[in-house]
Amino acid sequence: MFKINSGFMGVFKLGDNINFNLSVASALYIARAATQSGLHRRALCKPICVELISIIEALLYDLHVKARINTREGVGNILASALEYIRTKRLDKMDHLLKSAKKHNLLGDDEAFYEELDYLRLVRNRVHIQNDPPKLDQDEHRVFTDETVERAEKALERTLRYMSLHHQRPDHARGHVKDFSLPWDAHYPDEDDVAAEGGAP
């Protein structure tokens, strides 16, 4: 397990629920590692992807809520113009949260990363088995693969590292949410995110 500091969370109960969902993901990883069946291993890719990508959505939602309601405390590393825009919106769908994050560089200025998150959004939405309107491959087993799990891991870890480095709250607002433990070996350090090893101060 690798821990990332949770001191950036705005909604503490949401942070608790993220930790619960990380524990669900951990149970899925344990089951995946224990299975001798390639078919069973492949079947567990879908719930793992859905969990990890849903956590990314929750993190983006929390950042937007924090930006909207923490008018006195403020939110570091977000331009005043972005805060003004966000405070006029009530964004709660991953599509809208991603568009806002990209528009205001809330997770940095790497456009390819936002494109990756949008692809993963489509993957997560394949939780709807009927696939209407059609998105991605029609065969779910071609959507939910080991490669897609790895992409979701990398995106979640990068999102958490960025939040921990760039969107920490003041000292008095930290320590209310248990740090986030990732259920895979952390092996996706990215640029200055290496500095977040063990969590931001």
# chains A, B, ... in the order shown; residues from 1 in each chain; ligands from 1
>>> select_by_dssp(residues="stretch 4-175 of chain A", states="helix (DSSP H, G or I)", output="PyMOL selection string")
chain A and resi 12-34+38-43+45-69+80-86+94-103+111-125+140-143+146-166+171-173
>>> closest_residue(among="A:Asn70, A:Ile55, A:Val177, A:Val75", to="A:Arg121", atoms="only C-alpha atoms")
A:Ile55
>>> closest_residue(among="A:Leu106, A:Leu117, A:Ala67, A:Ile48", to="A:Ala31", atoms="only C-alpha atoms")
A:Ile48
>>> residues_around(residues="A:Asn77", least_positions_apart="6", cutoff="12 Å", atoms="only C-alpha atoms", output="list of chain:residue names")
A:Phe8, A:Leu63, A:Ala67, A:Leu83, A:His104, A:Asn105, A:Leu106, A:Leu107, A:Gly108, A:Tyr162, A:Met163, A:Ser164, A:Leu165, A:His166, A:His167, A:Gln168, A:Arg169
>>> residues_around(residues="stretch 12-25 of chain A", least_positions_apart="6", cutoff="10 Å", atoms="only C-alpha atoms", output="list of chain:residue names")
A:Ser6, A:Ala31, A:Pro47, A:Ile48, A:Cys49, A:Val50, A:Glu51, A:Leu52, A:Ser54, A:Ile55, A:Ile56, A:Ala58, A:Leu59, A:Tyr61, A:Asp62, A:Ala173, A:Arg174, A:Gly175, A:His176, A:Val177, A:Lys178, A:Asp179, A:Phe180, A:Ser181, A:Leu182, A:Pro183, A:Trp184
>>> residues_around(residues="A:Asn125", least_positions_apart="4", cutoff="12 Å", atoms="only C-alpha atoms", output="count of residues only")
26
>>> atom_distance(atom1="atom CA of A:Glu115", atom2="atom CA of A:Arg161")
18.2 Å
>>> atom_distance(atom1="atom CA of A:Ser26", atom2="atom CA of A:Val123")
19.8 Å
>>> closest_residue(among="A:Gly38, A:Leu28, A:Ile4, A:Arg142", to="A:Arg158", atoms="only C-alpha atoms")
A:Ile4
>>> closest_residue(among="A:Ala101, A:Ala152, A:Ile69, A:Val11", to="A:Leu122", atoms="only C-alpha atoms")
A:Ala152
>>> atom_distance(atom1="atom CA of A:Asp109", atom2="atom CA of A:Glu150")
22.2 Å
>>> closest_residue(among="A:Arg42, A:Tyr85, A:His128, A:Leu91", to="A:Lys103", atoms="only C-alpha atoms")
A:Tyr85
>>> decode(residues="stretch 71-91 of chain A", atoms="N, CA, C and O atoms", output="mmCIF file, in the first residue's frame")
data_model
loop_
_atom_site.group_PDB
_atom_site.id
_atom_site.type_symbol
_atom_site.label_atom_id
_atom_site.label_comp_id
_atom_site.auth_asym_id
_atom_site.auth_seq_id
_atom_site.Cartn_x
_atom_site.Cartn_y
_atom_site.Cartn_z
ATOM 1 N N THR A 71 -15.081 30.384 0.435
ATOM 2 C CA THR A 71 -14.791 31.756 0.024
ATOM 3 C C THR A 71 -13.887 32.466 1.029
ATOM 4 O O THR A 71 -13.082 33.313 0.650
ATOM 5 N N ARG A 72 -14.008 32.128 2.306
ATOM 6 C CA ARG A 72 -13.176 32.773 3.328
ATOM 7 C C ARG A 72 -11.777 32.147 3.360
ATOM 8 O O ARG A 72 -10.774 32.840 3.408
ATOM 9 N N GLU A 73 -11.751 30.817 3.346
ATOM 10 C CA GLU A 73 -10.472 30.100 3.388
ATOM 11 C C GLU A 73 -9.693 30.273 2.095
ATOM 12 O O GLU A 73 -8.475 30.363 2.080
ATOM 13 N N GLY A 74 -10.424 30.302 0.978
ATOM 14 C CA GLY A 74 -9.779 30.376 -0.322
ATOM 15 C C GLY A 74 -9.273 29.024 -0.773
ATOM 16 O O GLY A 74 -9.303 28.045 -0.019
ATOM 17 N N VAL A 75 -8.828 28.967 -2.007
ATOM 18 C CA VAL A 75 -8.280 27.733 -2.574
ATOM 19 C C VAL A 75 -6.992 28.100 -3.296
ATOM 20 O O VAL A 75 -7.008 28.856 -4.267
ATOM 21 N N GLY A 76 -5.885 27.553 -2.813
ATOM 22 C CA GLY A 76 -4.597 27.880 -3.410
ATOM 23 C C GLY A 76 -4.455 27.323 -4.809
ATOM 24 O O GLY A 76 -5.054 26.318 -5.164
ATOM 25 N N ASN A 77 -3.659 28.018 -5.622
ATOM 26 C CA ASN A 77 -3.294 27.581 -6.973
ATOM 27 C C ASN A 77 -4.466 27.527 -7.945
ATOM 28 O O ASN A 77 -4.414 26.788 -8.926
ATOM 29 N N ILE A 78 -5.515 28.290 -7.675
ATOM 30 C CA ILE A 78 -6.601 28.440 -8.640
ATOM 31 C C ILE A 78 -6.790 29.935 -8.874
ATOM 32 O O ILE A 78 -6.944 30.706 -7.918
ATOM 33 N N LEU A 79 -6.746 30.335 -10.119
ATOM 34 C CA LEU A 79 -6.856 31.751 -10.451
ATOM 35 C C LEU A 79 -8.191 32.319 -9.994
ATOM 36 O O LEU A 79 -9.210 31.624 -9.971
ATOM 37 N N ALA A 80 -8.196 33.616 -9.673
ATOM 38 C CA ALA A 80 -9.420 34.281 -9.225
ATOM 39 C C ALA A 80 -10.512 34.187 -10.290
ATOM 40 O O ALA A 80 -11.690 34.003 -9.968
ATOM 41 N N SER A 81 -10.128 34.284 -11.554
ATOM 42 C CA SER A 81 -11.128 34.206 -12.631
ATOM 43 C C SER A 81 -11.763 32.826 -12.681
ATOM 44 O O SER A 81 -12.958 32.679 -12.949
ATOM 45 N N ALA A 82 -10.973 31.783 -12.398
ATOM 46 C CA ALA A 82 -11.505 30.419 -12.371
ATOM 47 C C ALA A 82 -12.446 30.249 -11.189
ATOM 48 O O ALA A 82 -13.520 29.644 -11.314
ATOM 49 N N LEU A 83 -12.059 30.775 -10.033
ATOM 50 C CA LEU A 83 -12.923 30.696 -8.854
ATOM 51 C C LEU A 83 -14.251 31.406 -9.110
ATOM 52 O O LEU A 83 -15.319 30.907 -8.738
ATOM 53 N N GLU A 84 -14.170 32.545 -9.760
ATOM 54 C CA GLU A 84 -15.393 33.301 -10.064
ATOM 55 C C GLU A 84 -16.327 32.485 -10.961
ATOM 56 O O GLU A 84 -17.536 32.434 -10.745
ATOM 57 N N TYR A 85 -15.755 31.821 -11.959
ATOM 58 C CA TYR A 85 -16.552 30.988 -12.862
ATOM 59 C C TYR A 85 -17.173 29.821 -12.107
ATOM 60 O O TYR A 85 -18.369 29.553 -12.207
ATOM 61 N N ILE A 86 -16.346 29.104 -11.333
ATOM 62 C CA ILE A 86 -16.807 27.904 -10.631
ATOM 63 C C ILE A 86 -17.895 28.250 -9.628
ATOM 64 O O ILE A 86 -18.852 27.483 -9.443
ATOM 65 N N ARG A 87 -17.792 29.403 -8.997
ATOM 66 C CA ARG A 87 -18.766 29.783 -7.971
ATOM 67 C C ARG A 87 -20.130 30.135 -8.538
ATOM 68 O O ARG A 87 -21.092 30.285 -7.800
ATOM 69 N N THR A 88 -20.224 30.245 -9.853
ATOM 70 C CA THR A 88 -21.531 30.477 -10.472
ATOM 71 C C THR A 88 -22.155 29.190 -10.983
ATOM 72 O O THR A 88 -23.259 29.221 -11.534
ATOM 73 N N LYS A 89 -21.448 28.055 -10.812
ATOM 74 C CA LYS A 89 -21.905 26.778 -11.367
ATOM 75 C C LYS A 89 -22.143 25.764 -10.257
ATOM 76 O O LYS A 89 -21.570 25.854 -9.180
ATOM 77 N N ARG A 90 -22.979 24.773 -10.559
ATOM 78 C CA ARG A 90 -23.134 23.604 -9.687
ATOM 79 C C ARG A 90 -22.855 22.382 -10.557
ATOM 80 O O ARG A 90 -23.769 21.785 -11.121
ATOM 81 N N LEU A 91 -21.583 22.055 -10.681
ATOM 82 C CA LEU A 91 -21.159 20.980 -11.567
ATOM 83 C C LEU A 91 -21.132 19.666 -10.790
ATOM 84 O O LEU A 91 -20.495 19.577 -9.743
#
